[in-house]
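Text of the file structure13.cif, holding mmCIF, C-alpha atoms:
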```
data_coords
#
loop_
_atom_site.label_atom_id
_atom_site.label_comp_id
_atom_site.auth_asym_id
_atom_site.auth_seq_id
_atom_site.Cartn_x
_atom_site.Cartn_y
_atom_site.Cartn_z
CA MET A 1 7.38 -6.15 -15.31
CA GLY A 2 9.40 -2.99 -14.75
CA SER A 3 13.05 -3.90 -15.17
CA LYS A 4 14.09 -1.69 -12.25
CA ILE A 5 11.66 -3.26 -9.77
CA PRO A 6 13.50 -6.18 -8.13
CA THR A 7 11.85 -9.48 -7.22
CA ILE A 8 12.69 -11.07 -3.85
CA ASP A 9 11.90 -14.65 -2.86
CA PHE A 10 10.85 -14.41 0.79
CA SER A 11 10.70 -18.17 1.32
CA HIS A 12 14.45 -18.06 2.00
CA PHE A 13 13.79 -15.82 5.01
CA LEU A 14 10.74 -17.76 6.20
CA THR A 15 12.24 -21.26 6.11
CA GLY A 16 15.94 -20.88 5.29
CA SER A 17 19.13 -20.99 7.31
CA ALA A 18 20.59 -18.05 9.23
CA GLN A 19 22.70 -17.29 6.17
CA ASP A 20 19.60 -17.40 3.94
CA ARG A 21 17.79 -15.02 6.26
CA GLN A 22 20.70 -12.59 6.29
CA ARG A 23 21.03 -12.76 2.50
CA THR A 24 17.32 -12.03 2.05
CA ALA A 25 17.53 -9.14 4.51
CA CYS A 26 20.39 -7.69 2.46
CA GLU A 27 18.31 -7.99 -0.72
CA VAL A 28 15.42 -6.16 0.93
CA ASP A 29 17.78 -3.48 2.26
CA ASN A 30 19.25 -2.91 -1.21
CA ALA A 31 15.80 -2.74 -2.83
CA LEU A 32 14.49 -0.22 -0.32
CA LYS A 33 17.63 1.92 -0.58
CA SER A 34 17.64 2.01 -4.36
CA VAL A 35 14.02 1.81 -5.51
CA GLY A 36 11.76 1.79 -2.44
CA PHE A 37 9.59 -0.91 -4.08
CA PHE A 38 9.96 -4.63 -4.77
CA TYR A 39 7.93 -7.63 -5.90
CA LEU A 40 7.63 -10.30 -3.20
CA VAL A 41 7.28 -14.01 -4.06
CA GLY A 42 7.43 -17.02 -1.76
CA HIS A 43 5.43 -15.05 0.80
CA GLY A 44 3.08 -17.82 1.94
CA ILE A 45 -0.29 -16.34 0.86
CA ASP A 46 -1.61 -18.62 -1.88
CA GLN A 47 -3.14 -17.25 -5.07
CA ASP A 48 -6.50 -18.98 -4.50
CA THR A 49 -6.93 -16.98 -1.28
CA VAL A 50 -6.02 -13.74 -3.05
CA ASP A 51 -8.45 -14.54 -5.89
CA ALA A 52 -11.21 -15.21 -3.36
CA CYS A 53 -10.52 -11.85 -1.74
CA PHE A 54 -10.89 -10.11 -5.09
CA GLU A 55 -14.24 -11.88 -5.51
CA MET A 56 -15.32 -10.62 -2.09
CA SER A 57 -14.14 -7.14 -3.06
CA LYS A 58 -16.26 -7.17 -6.20
CA ARG A 59 -19.30 -8.22 -4.20
CA ILE A 60 -19.05 -5.32 -1.79
CA PHE A 61 -18.60 -2.73 -4.56
CA ASP A 62 -21.57 -4.25 -6.41
CA LEU A 63 -23.84 -3.31 -3.49
CA SER A 64 -26.29 -0.48 -4.10
CA HIS A 65 -25.20 3.11 -3.54
CA ASP A 66 -27.47 3.38 -0.48
CA ALA A 67 -26.16 0.15 1.03
CA LYS A 68 -22.55 1.30 0.65
CA GLN A 69 -23.32 4.71 2.17
CA THR A 70 -24.50 3.04 5.38
CA LEU A 71 -20.92 1.72 5.74
CA SER A 72 -19.28 5.16 5.45
CA ALA A 73 -16.38 5.82 7.80
CA THR A 74 -16.51 8.54 10.45
CA PRO A 75 -14.50 11.60 9.29
CA HIS A 76 -11.43 12.73 11.25
CA SER A 77 -11.09 9.50 13.25
CA PHE A 78 -9.35 6.12 13.14
CA ASP A 79 -12.65 4.51 12.09
CA GLN A 80 -12.63 2.50 8.90
CA GLY A 81 -15.40 1.76 6.40
CA TYR A 82 -16.59 2.71 2.92
CA ARG A 83 -15.35 5.77 1.03
CA GLY A 84 -17.11 6.64 -2.19
CA ILE A 85 -15.80 7.89 -5.52
CA GLY A 86 -14.20 11.30 -5.18
CA LYS A 87 -14.02 11.18 -1.37
CA GLU A 88 -10.22 10.97 -1.37
CA THR A 89 -8.47 14.15 -2.46
CA ILE A 90 -4.76 14.48 -3.23
CA ARG A 91 -3.48 18.05 -3.70
CA GLY A 92 -6.95 19.20 -4.72
CA GLN A 93 -7.49 16.32 -7.17
CA LYS A 94 -10.43 14.02 -6.48
CA CYS A 95 -9.51 10.38 -7.00
CA VAL A 96 -11.96 8.37 -9.12
CA LYS A 97 -11.96 5.30 -6.93
CA GLU A 98 -13.91 3.81 -4.05
CA SER A 99 -12.61 1.76 -1.16
CA PHE A 100 -13.68 -0.33 1.79
CA ASP A 101 -11.16 -0.25 4.62
CA PHE A 102 -11.05 -2.37 7.76
CA ARG A 103 -8.81 -2.99 10.72
CA ASN A 104 -8.90 -6.27 12.65
CA PRO A 105 -12.44 -7.60 11.93
CA LYS A 106 -12.36 -9.59 15.17
CA ASP A 107 -12.41 -6.30 17.11
CA ASP A 108 -16.09 -5.37 17.50
CA THR A 109 -15.24 -1.77 18.39
CA VAL A 110 -13.86 -0.67 15.03
CA GLY A 111 -15.37 -0.14 11.61
CA PHE A 112 -18.64 -0.62 9.80
CA TRP A 113 -19.63 -3.93 8.24
CA PRO A 114 -22.21 -5.11 5.69
CA ASN A 115 -24.88 -7.26 7.27
CA GLN A 116 -24.79 -11.03 6.97
CA GLU A 117 -27.82 -11.14 4.68
CA GLU A 118 -26.22 -8.87 2.07
CA LEU A 119 -22.76 -10.44 2.11
CA PRO A 120 -22.76 -13.81 3.90
CA GLY A 121 -19.33 -14.84 5.09
CA PHE A 122 -17.72 -11.50 4.25
CA ARG A 123 -16.57 -10.52 7.73
CA ASP A 124 -15.17 -13.97 8.58
CA PHE A 125 -13.26 -14.08 5.31
CA ALA A 126 -12.01 -10.52 5.84
CA ALA A 127 -10.78 -11.48 9.32
CA ASP A 128 -8.82 -14.45 7.96
CA PHE A 129 -7.28 -12.45 5.11
CA HIS A 130 -6.36 -9.55 7.39
CA GLN A 131 -4.67 -11.99 9.78
CA LEU A 132 -2.63 -13.55 6.95
CA CYS A 133 -1.42 -10.10 5.91
CA ALA A 134 -0.67 -9.11 9.51
CA GLU A 135 1.43 -12.24 9.98
CA LEU A 136 3.36 -11.53 6.78
CA MET A 137 3.83 -7.92 7.86
CA GLY A 138 5.32 -9.17 11.13
CA LYS A 139 7.81 -11.34 9.24
CA LEU A 140 8.76 -8.44 6.96
CA LEU A 141 9.30 -6.17 9.98
CA GLU A 142 11.50 -8.90 11.46
CA CYS A 143 13.44 -8.96 8.19
CA LEU A 144 13.88 -5.17 8.31
CA SER A 145 15.21 -5.45 11.86
CA VAL A 146 17.73 -8.07 10.70
CA ALA A 147 18.77 -5.82 7.81
CA LEU A 148 19.57 -3.01 10.25
CA ASP A 149 21.06 -5.38 12.85
CA LEU A 150 18.67 -4.03 15.48
CA GLU A 151 18.65 -5.32 19.04
CA ASN A 152 15.37 -6.57 20.48
CA GLU A 153 14.62 -3.30 22.23
CA ASP A 154 14.84 -1.45 18.91
CA SER A 155 13.17 -4.05 16.67
CA PHE A 156 10.23 -2.83 14.61
CA ASN A 157 7.79 -5.51 15.74
CA GLN A 158 7.61 -4.14 19.27
CA TYR A 159 5.97 -1.00 17.85
CA HIS A 160 3.52 -2.90 15.64
CA THR A 161 1.02 -4.94 17.65
CA GLY A 162 -1.29 -4.78 14.62
CA SER A 163 -3.86 -2.49 16.20
CA MET A 164 -3.39 0.14 13.48
CA HIS A 165 -2.88 -2.07 10.42
CA VAL A 166 -5.51 -1.44 7.73
CA SER A 167 -6.74 -3.65 4.90
CA SER A 168 -8.15 -1.69 1.97
CA LEU A 169 -10.26 -3.12 -0.86
CA ILE A 170 -10.00 -0.68 -3.77
CA HIS A 171 -12.07 -0.33 -6.93
CA TYR A 172 -11.37 2.03 -9.81
CA PRO A 173 -14.47 2.13 -12.04
CA ALA A 174 -14.19 2.06 -15.84
CA VAL A 175 -13.54 5.56 -17.16
CA SER A 176 -13.21 7.30 -20.51
CA THR A 177 -9.69 6.72 -21.82
CA GLN A 178 -9.66 10.17 -23.41
CA ARG A 179 -10.60 11.87 -20.13
CA LEU A 180 -7.97 9.84 -18.27
CA ARG A 181 -5.21 10.77 -20.74
CA SER A 182 -6.18 14.45 -20.71
CA GLY A 183 -6.01 14.60 -16.90
CA GLU A 184 -9.69 15.49 -16.63
CA VAL A 185 -10.12 12.30 -14.61
CA ILE A 186 -7.56 11.06 -12.06
CA ARG A 187 -7.52 7.48 -10.80
CA ASN A 188 -4.95 8.03 -8.05
CA ALA A 189 -2.75 11.13 -8.17
CA ALA A 190 0.97 10.93 -7.45
CA HIS A 191 1.53 10.43 -3.74
CA SER A 192 3.57 8.50 -1.21
CA ASP A 193 2.25 6.24 1.55
CA LEU A 194 2.02 7.24 5.19
CA GLY A 195 2.99 4.34 7.41
CA THR A 196 5.71 1.69 7.67
CA LEU A 197 5.24 -0.77 4.80
CA THR A 198 2.46 -1.30 2.26
CA LEU A 199 1.57 -4.68 0.75
CA LEU A 200 -0.33 -4.44 -2.55
CA PHE A 201 -2.14 -7.22 -4.41
CA GLN A 202 -3.08 -6.33 -8.01
CA HIS A 203 -5.76 -7.93 -10.18
CA ASN A 204 -5.37 -8.24 -13.96
CA VAL A 205 -5.64 -4.54 -14.93
CA GLY A 206 -2.52 -2.48 -14.32
CA GLY A 207 -1.84 1.22 -14.12
CA LEU A 208 0.39 1.43 -11.05
CA GLU A 209 3.57 3.41 -11.74
CA VAL A 210 6.50 4.27 -9.46
CA ALA A 211 8.80 7.24 -9.92
CA ASP A 212 12.40 6.49 -10.85
CA MET A 213 14.00 8.84 -8.32
CA SER A 214 17.36 8.54 -10.08
CA SER A 215 15.82 10.43 -13.02
CA THR A 216 15.22 13.64 -11.03
CA ASP A 217 16.79 15.73 -8.30
CA LYS A 218 13.39 16.98 -7.14
CA ILE A 219 11.93 16.08 -3.76
CA THR A 220 8.35 17.35 -3.60
CA THR A 221 5.63 15.11 -4.99
CA THR A 222 4.40 17.76 -7.43
CA ALA A 223 7.88 18.34 -8.86
CA VAL A 224 8.65 14.62 -9.03
CA GLU A 225 5.44 13.97 -10.96
CA LYS A 226 6.38 16.64 -13.51
CA GLU A 227 10.03 15.69 -14.04
CA ALA A 228 10.66 12.05 -13.10
CA ASN A 229 10.42 9.01 -15.33
CA PHE A 230 7.80 6.55 -14.09
CA ILE A 231 8.14 2.76 -14.17
CA ALA A 232 5.10 0.51 -14.69
CA VAL A 233 4.57 -1.99 -11.87
CA ASP A 234 2.60 -4.59 -13.81
CA PRO A 235 0.22 -7.09 -12.19
CA THR A 236 1.92 -10.49 -11.86
CA PRO A 237 0.07 -13.46 -10.32
CA GLY A 238 1.66 -14.77 -7.16
CA THR A 239 3.44 -11.52 -6.32
CA ILE A 240 2.86 -8.83 -3.73
CA VAL A 241 4.19 -5.33 -4.32
CA VAL A 242 5.93 -3.97 -1.21
CA ASN A 243 6.86 -0.32 -0.66
CA VAL A 244 8.11 2.00 2.06
CA GLY A 245 5.86 4.45 3.90
CA TYR A 246 6.84 7.90 5.15
CA LEU A 247 7.26 6.87 8.79
CA LEU A 248 9.69 4.07 7.88
CA MET A 249 11.74 6.51 5.79
CA ARG A 250 11.81 8.81 8.80
CA TRP A 251 12.69 5.95 11.17
CA THR A 252 15.68 5.05 8.99
CA ASN A 253 16.79 8.67 8.53
CA GLY A 254 16.15 8.47 4.80
CA ARG A 255 18.06 5.22 4.26
CA TRP A 256 14.92 3.59 2.80
CA LYS A 257 13.03 5.55 0.16
CA ASN A 258 9.38 6.63 0.48
CA VAL A 259 8.84 6.79 -3.27
CA VAL A 260 6.16 8.67 -5.21
CA HIS A 261 3.71 6.47 -7.12
CA ARG A 262 0.39 6.84 -8.95
CA VAL A 263 -2.34 4.93 -10.79
CA VAL A 264 -2.87 5.90 -14.43
CA GLU A 265 -3.91 4.29 -17.72
CA PRO A 266 -2.53 0.73 -17.92
CA ALA A 267 0.71 0.47 -19.86
CA ASN A 268 -0.65 -2.46 -21.89
CA CYS A 269 -3.71 -0.69 -23.34
CA SER A 270 -4.26 -2.05 -26.86
CA SER A 271 -4.77 1.46 -28.24
CA THR A 272 -1.19 2.36 -27.34
CA GLN A 273 0.59 -0.99 -27.54
CA SER A 274 -0.09 -4.26 -29.33
CA SER A 275 0.32 -7.31 -27.13
CA GLN A 276 -1.33 -10.68 -26.60
CA GLU A 277 -1.98 -9.52 -23.03
CA SER A 278 -3.13 -6.04 -24.00
CA VAL A 279 -6.21 -4.42 -22.47
CA ASP A 280 -8.83 -2.91 -24.77
CA CYS A 281 -8.86 0.81 -23.86
CA ASP A 282 -10.02 2.18 -27.19
CA GLU A 283 -12.90 4.12 -25.64
CA MET A 284 -13.04 3.05 -22.00
CA THR A 285 -10.24 2.09 -19.64
CA PRO A 286 -11.52 -0.99 -17.81
CA GLU A 287 -12.15 -1.11 -14.09
CA ARG A 288 -9.24 -1.98 -11.83
CA TYR A 289 -9.25 -3.81 -8.50
CA SER A 290 -6.45 -3.89 -5.96
CA ILE A 291 -6.07 -4.83 -2.30
CA ALA A 292 -3.70 -2.89 -0.06
CA PHE A 293 -2.53 -3.75 3.43
CA PHE A 294 -1.12 -0.70 5.18
CA GLY A 295 1.28 -1.47 8.01
CA PHE A 296 1.21 1.26 10.62
CA PRO A 297 2.85 1.61 14.07
CA ASP A 298 0.73 1.65 17.22
CA ALA A 299 -0.84 5.08 17.75
CA ALA A 300 1.29 5.96 20.80
CA THR A 301 4.60 5.23 19.01
CA MET A 302 7.12 8.05 18.84
CA VAL A 303 9.02 7.71 15.57
CA GLU A 304 12.47 9.24 15.19
CA PRO A 305 15.63 8.22 13.31
CA LEU A 306 17.39 5.17 14.71
CA GLN A 307 20.88 5.84 16.02
CA SER A 308 22.24 3.11 13.75
CA CYS A 309 20.98 5.09 10.72
CA CYS A 310 22.68 8.34 11.76
CA SER A 311 26.33 9.25 11.40
CA THR A 312 28.63 12.19 10.79
CA GLU A 313 28.15 11.66 7.07
CA ARG A 314 24.38 11.22 7.49
CA PRO A 315 23.30 13.43 10.41
CA LYS A 316 19.87 13.07 11.99
CA ARG A 317 17.30 14.69 9.67
CA TRP A 318 14.12 14.60 11.78
CA GLY A 319 13.00 14.88 15.37
CA PRO A 320 10.38 12.65 17.04
CA ILE A 321 6.82 12.48 15.72
CA ASN A 322 3.77 10.78 17.26
CA ALA A 323 2.48 8.14 14.82
CA GLY A 324 -1.20 8.43 15.76
CA GLU A 325 -1.28 12.22 15.63
CA TYR A 326 0.49 12.17 12.27
CA LEU A 327 -2.03 9.71 10.83
CA LEU A 328 -5.05 11.71 12.01
CA LYS A 329 -3.60 14.90 10.54
CA LYS A 330 -2.95 13.27 7.16
CA ARG A 331 -6.36 11.55 7.04
CA ALA A 332 -8.05 14.88 7.73
CA VAL A 333 -6.42 16.27 4.59
CA LEU A 334 -7.06 13.20 2.42
CA TYR A 335 -10.72 12.86 3.32
CA SER A 336 -11.69 16.50 3.92
#
```
Give the structure from this file in C-alpha cells form.
Amino acid sequence: MGSKIPTIDFSHFLTGSAQDRQRTACEVDNALKSVGFFYLVGHGIDQDTVDACFEMSKRIFDLSHDAKQTLSATPHSFDQGYRGIGKETIRGQKCVKESFDFRNPKDDTVGFWPNQEELPGFRDFAADFHQLCAELMGKLLECLSVALDLENEDSFNQYHTGSMHVSSLIHYPAVSTQRLRSGEVIRNAAHSDLGTLTLLFQHNVGGLEVADMSSTDKITTTAVEKEANFIAVDPTPGTIVVNVGYLLMRWTNGRWKNVVHRVVEPANCSSTQSSQESVDCDEMTPERYSIAFFGFPDAATMVEPLQSCCSTERPKRWGPINAGEYLLKKRAVLYS
C-alpha cells in the first residue's frame, strides 16, 4: 500500500458521536487537501457483495463480441452501456480496456441491458449494488459538507439526487508486458476524473498509480505524467479507493485536489520484484478488473466555488459551469 495514501475508517462517521463525525470529516478534509485520494474502510459494503459484483462483471465481459456490441452506448449522450476495447481515447491514446456502464437500473429509460437468458439476475444485482454505492456516496457527500461546515442550503447532497451517478464495470484484458512497458499499449493513460467523487473497487491485479503532486510544480496532465513521481495504489480487500473529481475541485476553489492517475503494469510483477504476492508478468501482464462508481451532480447544477472556500488569500479561481453541459462535452472527447 502506498505510504502516502491515507486510510480512513468511515464507521466512525456512520455510527459515531458528533465528535467522531467531526474528527472523520477533518481526516477526509486533510486527505483531499494533501493527496486527493484515500483508502476507505468501515464503509458498510461487505466484501462478499463486492466479490459477487466482480463475478457478474466477468460474466458480462465473457459474452461474445456480437452480444456485447448490441449493448453499445449511444454516442454524445448521457446513455450508458458497453464500450469496447479502444473506444475510450485520452489525448490521442486508445485505452486497452472495455467497460459496461449503468445508471440507476430501476430506471427503464436509461441504458442498455443484457437479456435475462444470457445473464440471469444481472440487472437485479446491478440495481442493488448501484443503490449501495449511491447510499455510501450520499454519506460521503454529507461528510464533505461537515468538513466545510456548510449550511443545509449549500450542502452537497441537495445537488446529487443520484440521477447522474454511474456504475462502471471495467476489464483490462491480458496484454504483452513488453508492449505495455514500451508504451505501445496503454491500459489507461494519465487523466483526472470529471465529477464530484469516485469510488473504486479493485480486484487482485493492481496497476493503479496516483501522481505525487508534491514532486512537481506542473499542472497539465501531460506535464505531470512526465515529471511527477507516481505512487502505487495497491488492491487491498475490504477497501474502497476514493478520489476527487474536477467539479469538486472547482466547487472548493482548489482546496481539494483533482489528482492525475493512471493504470500501468502492476507494481508487484514477478519479473520486476520478488514477492510472495507477486504477479507473473514475464510475458503477459494478467487481466485486471475494477469497479468504479462515479458521483456526479444533477445535470442542471451550476457549479462554482463556494464562498467559504474563497478569501483574500485564495481568491475565486473559476466562474459558474453547468454540470450536464460539461459532462457531455468531455464525453464527446473521450468517446469520439
Hey, what comes out of the PyMOL selection byres ((chain A and resi 6-19) around 7) on this file? Could you write it as number ranges by chain?
A: 4-5, 20-24, 31, 38-43
Hey, what's within 10 Å of Ile90 (chain A) if we count all atoms listed in the file and toss same-chain stuff fewer than 5 positions away? As JSON, numbers by chain, please?
{"A": [95, 186, 188, 189, 190, 191, 333, 334, 335]}
Could you list, as a count of residues only, every residue within 9 Å of region 294-298 of chain A, counting all atoms listed in the file and ignoring same-chain residues fewer than 5 positions away?
27
Between A:Phe201, A:Phe129, A:Phe54, A:Tyr82, which residue has the minimum interatomic distance to Trp113 (chain A), considering all atoms listed in the file?
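Of A:Phe201, A:Phe129, A:Phe54, A:Tyr82, the one nearest Trp113 (chain A), counting all atoms listed in the file, is A:Tyr82.
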d(CA of Asp66 (chain A), CA of Pro286 (chain A)) in Å
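Spanning CA of Asp66 (chain A) to CA of Pro286 (chain A) is a straight-line distance of 24.0 Å.
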Atom pair CA of Ala292 (chain A) + CA of Leu63 (chain A), distance 20.4 Å
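Checking A:Asn204, A:Thr222, A:Gln116, A:Asn268 one by one against Tyr289 (chain A), counting all atoms listed in the file, you find the shortest gap at A:Asn204.
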What gap, in Å, lies between CA of Thr285 (chain A) and CA of Phe102 (chain A)?
27.8 Å
For Glu325 (chain A), the nearest of the candidates A:Ser214, A:Thr301, A:Gln202, A:Ser155, counting all atoms listed in the file:
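Of A:Ser214, A:Thr301, A:Gln202, A:Ser155, the one nearest Glu325 (chain A), counting all atoms listed in the file, is A:Thr301.
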With only C-alpha atoms as the basis for distance, which of A:Leu144, A:Ala232, A:Leu327, A:Leu32 is at the shortest distance from Val263 (chain A)?
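Ranked by minimum distance to Val263 (chain A), first place goes to A:Ala232.
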Do you know which residues are at most 12 Å from Glu184 (chain A) counting only C-alpha atoms, after dropping those on the same chain fewer than 5 positions away, and could you put them as a compact mmCIF listing (two decimals) with C-alpha atoms, keeping the file's coordinate frame?
```
# COMPACT_ATOMS: atom_id res chain seq x y z
CA GLN A 93 -7.49 16.32 -7.17
CA LYS A 94 -10.43 14.02 -6.48
CA CYS A 95 -9.51 10.38 -7.00
CA VAL A 96 -11.96 8.37 -9.12
CA VAL A 175 -13.54 5.56 -17.16
CA SER A 176 -13.21 7.30 -20.51
CA THR A 177 -9.69 6.72 -21.82
CA GLN A 178 -9.66 10.17 -23.41
CA ARG A 179 -10.60 11.87 -20.13
CA ALA A 189 -2.75 11.13 -8.17
CA VAL A 264 -2.87 5.90 -14.43
```
Atoms are missing here; could region 58-71 of chain A be completed with N, CA, C and O atoms and written as a CSV table (one decimal), keeping the file's coordinate frame?
```csv
chain,number,residue,atom,x,y,z
A,58,LYS,N,-15.3,-7.5,-5.2
A,58,LYS,CA,-16.3,-7.2,-6.2
A,58,LYS,C,-17.7,-7.2,-5.6
A,58,LYS,O,-18.5,-6.3,-6.0
A,59,ARG,N,-18.0,-8.1,-4.8
A,59,ARG,CA,-19.3,-8.2,-4.2
A,59,ARG,C,-19.7,-7.0,-3.4
A,59,ARG,O,-20.8,-6.5,-3.4
A,60,ILE,N,-18.7,-6.5,-2.6
A,60,ILE,CA,-19.0,-5.3,-1.8
A,60,ILE,C,-19.2,-4.1,-2.6
A,60,ILE,O,-20.1,-3.2,-2.4
A,61,PHE,N,-18.4,-3.9,-3.7
A,61,PHE,CA,-18.6,-2.7,-4.6
A,61,PHE,C,-19.8,-2.8,-5.5
A,61,PHE,O,-20.3,-1.8,-6.0
A,62,ASP,N,-20.3,-4.1,-5.6
A,62,ASP,CA,-21.6,-4.2,-6.4
A,62,ASP,C,-22.8,-3.9,-5.6
A,62,ASP,O,-23.9,-3.9,-6.2
A,63,LEU,N,-22.7,-3.7,-4.3
A,63,LEU,CA,-23.8,-3.3,-3.5
A,63,LEU,C,-24.4,-2.0,-4.0
A,63,LEU,O,-23.7,-1.2,-4.7
A,64,SER,N,-25.7,-1.7,-3.7
A,64,SER,CA,-26.3,-0.5,-4.1
A,64,SER,C,-25.6,0.7,-3.5
A,64,SER,O,-24.9,0.6,-2.4
A,65,HIS,N,-25.8,1.9,-4.1
A,65,HIS,CA,-25.2,3.1,-3.5
A,65,HIS,C,-25.7,3.3,-2.1
A,65,HIS,O,-24.8,3.6,-1.2
A,66,ASP,N,-26.9,3.2,-1.8
A,66,ASP,CA,-27.5,3.4,-0.5
A,66,ASP,C,-26.9,2.4,0.5
A,66,ASP,O,-26.5,2.8,1.7
A,67,ALA,N,-26.7,1.1,0.1
A,67,ALA,CA,-26.2,0.2,1.0
A,67,ALA,C,-24.7,0.5,1.4
A,67,ALA,O,-24.3,0.4,2.5
A,68,LYS,N,-23.9,0.9,0.4
A,68,LYS,CA,-22.6,1.3,0.6
A,68,LYS,C,-22.5,2.5,1.5
A,68,LYS,O,-21.6,2.6,2.4
A,69,GLN,N,-23.4,3.5,1.4
A,69,GLN,CA,-23.3,4.7,2.2
A,69,GLN,C,-23.5,4.4,3.6
A,69,GLN,O,-23.0,5.1,4.5
A,70,THR,N,-24.3,3.4,4.0
A,70,THR,CA,-24.5,3.0,5.4
A,70,THR,C,-23.2,2.5,6.0
A,70,THR,O,-23.1,2.5,7.3
A,71,LEU,N,-22.2,2.2,5.2
A,71,LEU,CA,-20.9,1.7,5.7
A,71,LEU,C,-19.9,2.8,5.8
A,71,LEU,O,-18.7,2.5,6.1
```
